[in-house]
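Trainee: Pasting a structure here, questions to come.
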Amino acid sequence: MKFNMGVATIIFTVLLLLTLATLGEHAAMAIPTPHVAGGEGSDVDIPQIHIIAHTHDDVGWKKTVDEYYYGSNQTVANGAVQYVLDSVVTALLADPKKKFSYVEMAFFYRWWREQDEARKDQVRSLVKNGQLEFVGGGWCMNDEAGTHYNAIIDQITFGNLFIQTEFGQEYRPRMAWQIDPFGHSSVQATIFAQMGYDGLYFARADYEDKALRINQSRCELVWRGSPNNLGQQSDLFTGMFYAGYGSNGEFNFDARSANPQVVKDDPLLEDNNVKLLVNDFVKLVTTQLKAYHGNHLMFPMGGDFTFAAALSHFKNIDKLIKYVNEDGRVNVFYSTPARYLDAVNAEGFTYELKTDDFFPYADRPHGYWTGYFTSRPALKRYVRDQNALLQICKQIETVHGLAPTGEDSFTLREAMGVAQHHDAVSGTEQQHVAYDYAKRLAIGGSACHAVIASHVSTLLDIPPALDADQDKAGPFGISFCTELNVSLCSINSASSFSLILYNPLGHTRVSKTRIPVTQDAYTVTGDVVLDYGVVPVDAGAEHARGKRGNAPYELVILTTLSPTSLATVAVKPGSGDNVESKVAVEADTPAPSEGSRMEAGPSISNEFYAVNFSSETGSIVSITEKGSGHTIQLQQQFLWYESYNKTKNHDQPSGAYIFRSQGNDAYPVSSDGSCKLTVVKKAGAFEEVRQQCGDFVYQTIGLYKGCNHIEFTFTVGPIPIADHKGKEVVSRFNSDLQTAGIFYTDANGREMQKRQRDHRDTWQPNMTVFEHVAGNFYPVNSRIVLRDESKELQLSILTDSSQAGASLTDGSAELMVHRRLLVDDHRGVEQPLNETGLDGKGLIVRGTHYVQLAPIKSAASLHRPLAQEVMLPALPMFAGGATPPQRETTSALHKQHAAAPESLPANVHLLTLERVDFDPASHKSIQRLVRFEHYFEVDEDSEMSKPATVNVQEYLQSAFGITITSMVEMTLNANQVKSAEKRLQWKVASEDEGNAVTVTRHTSSANRVTRRSPRDFTITLNPMEIRTYIVDVQSTQ
């Protein structure tokens, strides 16, 4: 391949070749072991080589989860996980010296269910004696770019809970194992630290960063993921493999691979290769060892779906170990990641401290893995939507239990756990696999709908639906409209019906519900109704739903919802308010050149903002934030980059993983850069400007009563490809803010990360951005931020799903909303990212950006609560028939109180409320898992960044009717008592003086005790702190 590397070191060249050999087709849990530094009979003065026998089992990629488990569809890819586990267990039982590491609980749980009790006992013995070690221990090995911290915590906890249930807390994972994700997040590292992991290992780091680290013996470090908030509590020992996570080609002993190596040790053979292999192995490991501090090296033996023929695999490793040890230059032995951690820790070296992240990842010049930040945008949004549904389902299930028909949250937990996989929500799987992920989420969602509907109908005395209505309303008389985003709903809007809303947040909120209806006037009543109106269905929704729906109007209802409460709204056709005005303004002149005057056009406003548009282009020209009186020039436009699609001479095209544009220019989606406008207003309630930009982009820009933000709801697609050009569509916001090359993106929806154009903190100035566009994109999970320090102003743009974001010029921010590509990018998926949608013509996606302008000092108090509201929207439900007046009210989620529950402190969020049981059929535990988080950062806001206190007993009683008798604080993944947590200590270099200091990981606090009496349930949370408790429940309703 041609890499145009310029002047590269020999070490870099070797690294690159090794990386290509082991990572060409990419796509593991840990246990405590005796603290032993080295293998049996080792000479500690020679290098100690830890052989890590493992398999990397993608929970879907080229094949579905089922196909990979059973080994079907082998014409697409190898992989048969059931045989891997069968074979490995048999081999381990036959030889107590062998060790193996396993990662993905989604597969292990499935295999475990198929085993009889005798086999399970044998496996438990393997775990107990340290032969089988769980590393990572999540349901999957999650992506780190497109995942929200809520879903990350859930899926790791889910997998860890299975391990704890079947094997015991003492065999919890100790090593986090992220060997295949394509870049690494500081929040992910912080989560692992808070979960009590002792270390993290991965394989992928930017090729320039890694080459420098190898050259300087810096491939292990201490990562402080939350330097400004949690400080040393977020420290995590972190290492990266020298050359990928798989066996080097010469030592690939997997009998099922295309060209497996074997150790030919018969002295009578002419092609006996023992001496050659021994010399090559010693040379390889001693070279790799130079990239690390000490005398120990972790050497992975395995790879994607390896060890399905474990006997032959282990046999060749046995021979290699024997002959290398006879040679005597290095000591080789079977080991595990936890044993390696203990050995390295015992050496007592001082490590550098890292405080930024590992994004974006590039594996070569022009090979920036930033496209997957947006790939498969519809799936990314669906994963986010189902995560919100799961949190609501768990809350209701915690209070009321399973549905009477037997459904529970387990199916959706499984589906969500799988969906966080680094080839799932990332969008880097084949198309049939993406469909399978969506199907699993839909099935799990239906089960949760049954849980929710059954208990809500009982609480609100809603009668069961007649048999004829069950297809629409379900057996409990309540229906869910899962396609409201494209104005589709089965509710009979020609008759009276009830809208039921559940607010899962612990704070009062304003919620907006849009319902497709057939009438042009309605009466809406209820004590939560803020305002409402009927408007024509916008063209974007019509375009997206196609022939599947024909409702001509939408009923827009604005409500004020109390914390964690149910609210019922009565809707009756006729005698209601209608659209006050509808003005159409069409722009038929070309967009003016940059800097030319744009004539004043229509404007919209509410109590918080005024937005002005150009009559020439149909684009925004300015926004005014009324509270502070600040006005900025702002232009928003949809553009597309032409995807680089050359594949000759091993050139690097754009694909599911890689983003590479054909040059640095982006082109307007309409030929002249203008948009047609329609203005829709309901006096005092909402005002909207609806745009059509070219043939495949629609957008509604709206301001709504009680909502302190501007909404940009876009419809994009099908992206045209008749010109044989792949396209990457962005929404770009150009402002007059002076940002000096600096912008900010969130990390997994939590802490903000400072970014600088064409800059990497870790290896400046030894870096080159070969792609000015792609090399400056970062993952945006919930928001991208621009700040003008001189004006003390901040522009915050929030997203409703994960997208790629960048600031390519000062004052500008852009978000990639859709991609359609025509070639594969040669990273293993072997399929172009060309989603054809329901009709085969191309995928149409809809989403919303939420824009806020505020003084920097108060911006966080606005964008952080809004991010919570976007992540956990109110859940709309529908019931047919007239609504009794007594039900047009607000109530708690239980019958003990008619009034709405108390609110949490404004800076505290109820992150988790769920049952502790793993077994979906039991639900007998009297314990509940609850997490509270302080969701502001240090010094982010003068009030909101202060510590907050919560009386857990009083809050759970008020909100959910749960009476608790005691509670114990746990680690974040709930598998260790917090006060008993003991992590390995590491020495780090002082940032100020370069001196070695010992990390103090856990600070004692008067708030943290093992058990609390009913009189002492008050906890304190500091900025960015998540506190996890298991509570004993006395009774629930």
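Quick note on naming: the chains in the structure tokens go A, B, ... in the order shown, residues restart at 1 in each chain, and ligands are numbered from 1 in order of appearance.
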Which residues are close to stretch 286-291 of chain A, i.e. within 8 Å by only C-alpha atoms, leaving aside same-chain residues fewer than 3 positions away? Reply as a short mmCIF file (atom, residue, chain, number, x, y, z; two decimals) with all heavy atoms, in the first residue's frame.
Mentor:
```cif
data_model
loop_
_atom_site.label_atom_id
_atom_site.label_comp_id
_atom_site.auth_asym_id
_atom_site.auth_seq_id
_atom_site.Cartn_x
_atom_site.Cartn_y
_atom_site.Cartn_z
N PRO A 47 13.31 -11.41 30.81
CA PRO A 47 11.96 -10.94 30.48
C PRO A 47 10.88 -11.99 30.77
O PRO A 47 11.07 -13.18 30.48
CB PRO A 47 12.05 -10.63 28.99
CG PRO A 47 13.49 -10.30 28.77
CD PRO A 47 14.25 -11.21 29.70
N ARG A 213 5.07 6.70 21.21
CA ARG A 213 5.07 6.00 22.50
C ARG A 213 6.00 4.78 22.45
O ARG A 213 6.72 4.50 23.42
CB ARG A 213 3.65 5.58 22.88
CG ARG A 213 2.76 6.75 23.26
CD ARG A 213 1.37 6.31 23.69
NE ARG A 213 0.57 7.46 24.10
CZ ARG A 213 0.63 8.04 25.29
NH1 ARG A 213 1.48 7.57 26.20
NH2 ARG A 213 -0.11 9.08 25.58
N ILE A 214 5.98 4.04 21.37
CA ILE A 214 6.86 2.89 21.24
C ILE A 214 8.32 3.35 21.29
O ILE A 214 9.16 2.76 21.98
CB ILE A 214 6.55 2.13 19.94
CG1 ILE A 214 5.24 1.36 20.08
CG2 ILE A 214 7.70 1.18 19.57
CD1 ILE A 214 4.79 0.67 18.81
N ASN A 215 8.61 4.40 20.58
CA ASN A 215 9.97 4.90 20.51
C ASN A 215 10.47 5.41 21.86
O ASN A 215 11.67 5.39 22.14
CB ASN A 215 10.04 6.02 19.46
CG ASN A 215 11.47 6.34 19.05
OD1 ASN A 215 12.34 5.47 19.04
ND2 ASN A 215 11.71 7.59 18.72
N GLN A 216 9.52 5.86 22.70
CA GLN A 216 9.90 6.45 23.99
C GLN A 216 9.54 5.56 25.18
O GLN A 216 9.58 6.02 26.32
CB GLN A 216 9.20 7.81 24.14
CG GLN A 216 9.62 8.83 23.09
CD GLN A 216 8.84 10.14 23.20
OE1 GLN A 216 7.82 10.22 23.89
NE2 GLN A 216 9.32 11.16 22.50
N SER A 217 9.19 4.31 24.93
CA SER A 217 8.83 3.35 25.99
C SER A 217 7.70 3.88 26.86
O SER A 217 7.76 3.85 28.09
CB SER A 217 10.06 3.04 26.86
OG SER A 217 11.12 2.52 26.09
N ARG A 218 6.62 4.33 26.21
CA ARG A 218 5.50 4.98 26.92
C ARG A 218 4.17 4.32 26.61
O ARG A 218 3.14 4.99 26.60
CB ARG A 218 5.44 6.47 26.57
CG ARG A 218 6.65 7.27 27.02
CD ARG A 218 6.65 8.68 26.42
NE ARG A 218 5.35 9.32 26.53
CZ ARG A 218 4.64 9.76 25.47
NH1 ARG A 218 5.11 9.62 24.24
NH2 ARG A 218 3.48 10.33 25.65
N CYS A 219 4.17 3.02 26.36
CA CYS A 219 2.92 2.36 25.97
C CYS A 219 2.06 1.98 27.18
O CYS A 219 1.01 1.36 27.01
CB CYS A 219 3.21 1.12 25.13
SG CYS A 219 3.60 1.54 23.41
N TYR A 242 1.32 -3.61 21.66
CA TYR A 242 2.32 -3.13 20.71
C TYR A 242 1.79 -3.19 19.28
O TYR A 242 1.99 -2.26 18.50
CB TYR A 242 3.58 -3.99 20.85
CG TYR A 242 4.76 -3.56 20.02
CD1 TYR A 242 5.78 -2.81 20.59
CD2 TYR A 242 4.88 -3.93 18.68
CE1 TYR A 242 6.89 -2.42 19.84
CE2 TYR A 242 5.98 -3.55 17.92
CZ TYR A 242 6.98 -2.79 18.50
OH TYR A 242 8.07 -2.42 17.76
N VAL A 282 11.62 -14.79 20.37
CA VAL A 282 12.45 -14.04 21.31
C VAL A 282 12.75 -12.65 20.75
O VAL A 282 12.70 -11.64 21.48
CB VAL A 282 13.75 -14.81 21.62
CG1 VAL A 282 14.70 -13.93 22.43
CG2 VAL A 282 13.44 -16.09 22.36
N LYS A 283 13.06 -12.57 19.49
CA LYS A 283 13.33 -11.28 18.87
C LYS A 283 12.11 -10.38 18.93
O LYS A 283 12.20 -9.17 19.23
CB LYS A 283 13.77 -11.49 17.42
CG LYS A 283 14.11 -10.19 16.69
CD LYS A 283 14.55 -10.48 15.27
CE LYS A 283 14.89 -9.19 14.51
NZ LYS A 283 15.32 -9.47 13.11
N GLY A 294 8.90 -2.02 32.21
CA GLY A 294 9.52 -3.03 33.04
C GLY A 294 9.92 -4.29 32.33
O GLY A 294 10.22 -4.31 31.12
N ASN A 295 9.88 -5.38 33.08
CA ASN A 295 10.39 -6.67 32.63
C ASN A 295 9.27 -7.62 32.23
O ASN A 295 9.54 -8.79 31.95
CB ASN A 295 11.23 -7.29 33.74
CG ASN A 295 12.26 -8.27 33.21
OD1 ASN A 295 12.79 -8.08 32.11
ND2 ASN A 295 12.54 -9.32 33.96
N HIS A 296 8.03 -7.14 32.24
CA HIS A 296 6.88 -7.99 31.92
C HIS A 296 6.20 -7.52 30.63
O HIS A 296 6.07 -6.31 30.39
CB HIS A 296 5.87 -7.96 33.06
CG HIS A 296 6.37 -8.64 34.31
ND1 HIS A 296 6.05 -9.94 34.63
CD2 HIS A 296 7.17 -8.19 35.31
CE1 HIS A 296 6.63 -10.27 35.76
NE2 HIS A 296 7.31 -9.22 36.21
N LEU A 297 5.77 -8.47 29.84
CA LEU A 297 5.08 -8.18 28.58
C LEU A 297 3.86 -9.06 28.47
O LEU A 297 3.93 -10.28 28.67
CB LEU A 297 6.00 -8.44 27.38
CG LEU A 297 5.37 -8.24 26.00
CD1 LEU A 297 5.13 -6.76 25.72
CD2 LEU A 297 6.25 -8.85 24.90
#
```
Trainee: So that I can check the surroundings of A:Phe158, please list as a VMD selection string every protein, DNA and RNA residue that reaches within 8 Å of it, counting only C-alpha atoms and ignoring chain neighbours fewer than 4 positions away.
Mentor: chain A and resid 138 to 139 154 162 413 417 918
Trainee: Go ahead and save the picked residues with N, CA, C and O atoms, as a PDB file, in the first residue's frame.
Mentor:
```
ATOM      1  N   GLY A 138     -18.531  -6.904  30.598  1.00  0.00           N
ATOM      2  CA  GLY A 138     -19.792  -6.316  30.184  1.00  0.00           C
ATOM      3  C   GLY A 138     -20.582  -7.259  29.312  1.00  0.00           C
ATOM      4  O   GLY A 138     -20.116  -8.345  28.940  1.00  0.00           O
ATOM      5  N   TRP A 139     -21.799  -6.865  28.988  1.00  0.00           N
ATOM      6  CA  TRP A 139     -22.588  -7.680  28.061  1.00  0.00           C
ATOM      7  C   TRP A 139     -21.904  -7.715  26.703  1.00  0.00           C
ATOM      8  O   TRP A 139     -22.022  -8.673  25.952  1.00  0.00           O
ATOM      9  N   ASP A 154     -25.058   0.732  32.201  1.00  0.00           N
ATOM     10  CA  ASP A 154     -26.056  -0.343  32.234  1.00  0.00           C
ATOM     11  C   ASP A 154     -25.496  -1.653  31.702  1.00  0.00           C
ATOM     12  O   ASP A 154     -25.663  -2.722  32.311  1.00  0.00           O
ATOM     13  N   PHE A 162     -24.335 -10.792  36.050  1.00  0.00           N
ATOM     14  CA  PHE A 162     -24.380 -12.212  35.699  1.00  0.00           C
ATOM     15  C   PHE A 162     -23.195 -12.953  36.318  1.00  0.00           C
ATOM     16  O   PHE A 162     -23.355 -14.040  36.902  1.00  0.00           O
ATOM     17  N   ARG A 413     -33.089  -5.116  28.111  1.00  0.00           N
ATOM     18  CA  ARG A 413     -31.731  -4.992  28.669  1.00  0.00           C
ATOM     19  C   ARG A 413     -30.735  -5.764  27.807  1.00  0.00           C
ATOM     20  O   ARG A 413     -29.638  -5.271  27.519  1.00  0.00           O
ATOM     21  N   GLY A 417     -27.844  -4.073  25.701  1.00  0.00           N
ATOM     22  CA  GLY A 417     -26.466  -4.477  25.959  1.00  0.00           C
ATOM     23  C   GLY A 417     -25.736  -4.843  24.691  1.00  0.00           C
ATOM     24  O   GLY A 417     -24.588  -4.452  24.474  1.00  0.00           O
ATOM     25  N   PHE A 918     -30.831 -10.708  38.553  1.00  0.00           N
ATOM     26  CA  PHE A 918     -30.416 -10.954  37.178  1.00  0.00           C
ATOM     27  C   PHE A 918     -31.408 -11.880  36.487  1.00  0.00           C
ATOM     28  O   PHE A 918     -31.769 -11.673  35.339  1.00  0.00           O
TER      29      PHE A 918
END
```
Trainee: For each of A:Leu838, A:Leu843, A:Cys481, A:Ile856, take the minimum atom-to-atom distance to A:Glu792, counting only C-alpha atoms, then give the residue where this is smallest.
Mentor: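 Smallest separation from A:Glu792 among the options: A:Ile856.
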Trainee: Determine, using only C-alpha atoms, which residues of stretch 381-467 of chain A have any atom at most 12 Å from an atom of stretch 72-84 of chain A, and tabulate each with its shortest atom pair and distance in Å to one decimal place, rows ordered by chain and then rising number, as a tab-separated table.
Mentor:
```
residue	atom	partner	partner_atom	distance
A:Gln430	CA	A:Val76	CA	10.1
A:His432	CA	A:Val76	CA	11.4
A:Val433	CA	A:Val76	CA	11.6
```
Trainee: Would you mind listing what lies within 8 Å of A:Phe358 as an MDAnalysis selection string, with only C-alpha atoms counted and same-chain residues fewer than 4 positions away left out?
Mentor: chainID A and resid 183:186 205:206
Trainee: Go ahead and save the residues from that selection, with C-alpha atoms, as a PDB file, in the first residue's frame.
Mentor:
```pdb
ATOM      1  CA  GLY A 183     -10.710   5.415  19.771  1.00  0.00           C
ATOM      2  CA  HIS A 184     -11.074   5.754  23.514  1.00  0.00           C
ATOM      3  CA  SER A 185     -13.065   8.124  25.681  1.00  0.00           C
ATOM      4  CA  SER A 186     -11.972   9.718  28.937  1.00  0.00           C
ATOM      5  CA  ALA A 205      -4.293   4.309  19.224  1.00  0.00           C
ATOM      6  CA  ASP A 206      -3.461   6.873  16.556  1.00  0.00           C
TER       7      ASP A 206
END
```
Trainee: Excluding same-chain residues fewer than 4 positions from A:Ala722, what lies within 12 Å of it counting only C-alpha atoms, as a list in words?
Mentor: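 What passes the distance filter is Pro718, Gly726, Lys727, Arg820, Leu821, Leu822, Lys841 and Gly842 of chain A.
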Trainee: Generate a file of the selected residues that holds C-alpha atoms, formatted as a tab-separated table (two decimals), in the first residue's frame.
Mentor:
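New file part_35.tsv:
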```tsv
chain	number	residue	atom	x	y	z
A	718	PRO	CA	-32.70	9.90	0.33
A	726	GLY	CA	-20.95	9.28	-2.21
A	727	LYS	CA	-22.06	12.13	0.04
A	820	ARG	CA	-24.36	7.46	1.90
A	821	LEU	CA	-21.29	5.86	0.34
A	822	LEU	CA	-20.58	3.73	-2.69
A	841	LYS	CA	-34.49	4.41	-2.83
A	842	GLY	CA	-32.40	5.52	0.12
```
Trainee: Based on DSSP run over this structure's backbone, return all residues of stretch 120-223 of chain A in alpha helix (DSSP H), as a ChimeraX atom specification.
Mentor: /A:120-128,149-167,186-194,207-215
Trainee: I need the residue nearest A:Val930 from this list: A:Leu815, A:Ala974, A:Leu875, A:Met301. Use only C-alpha atoms for the distance.
Mentor: A:Ala974
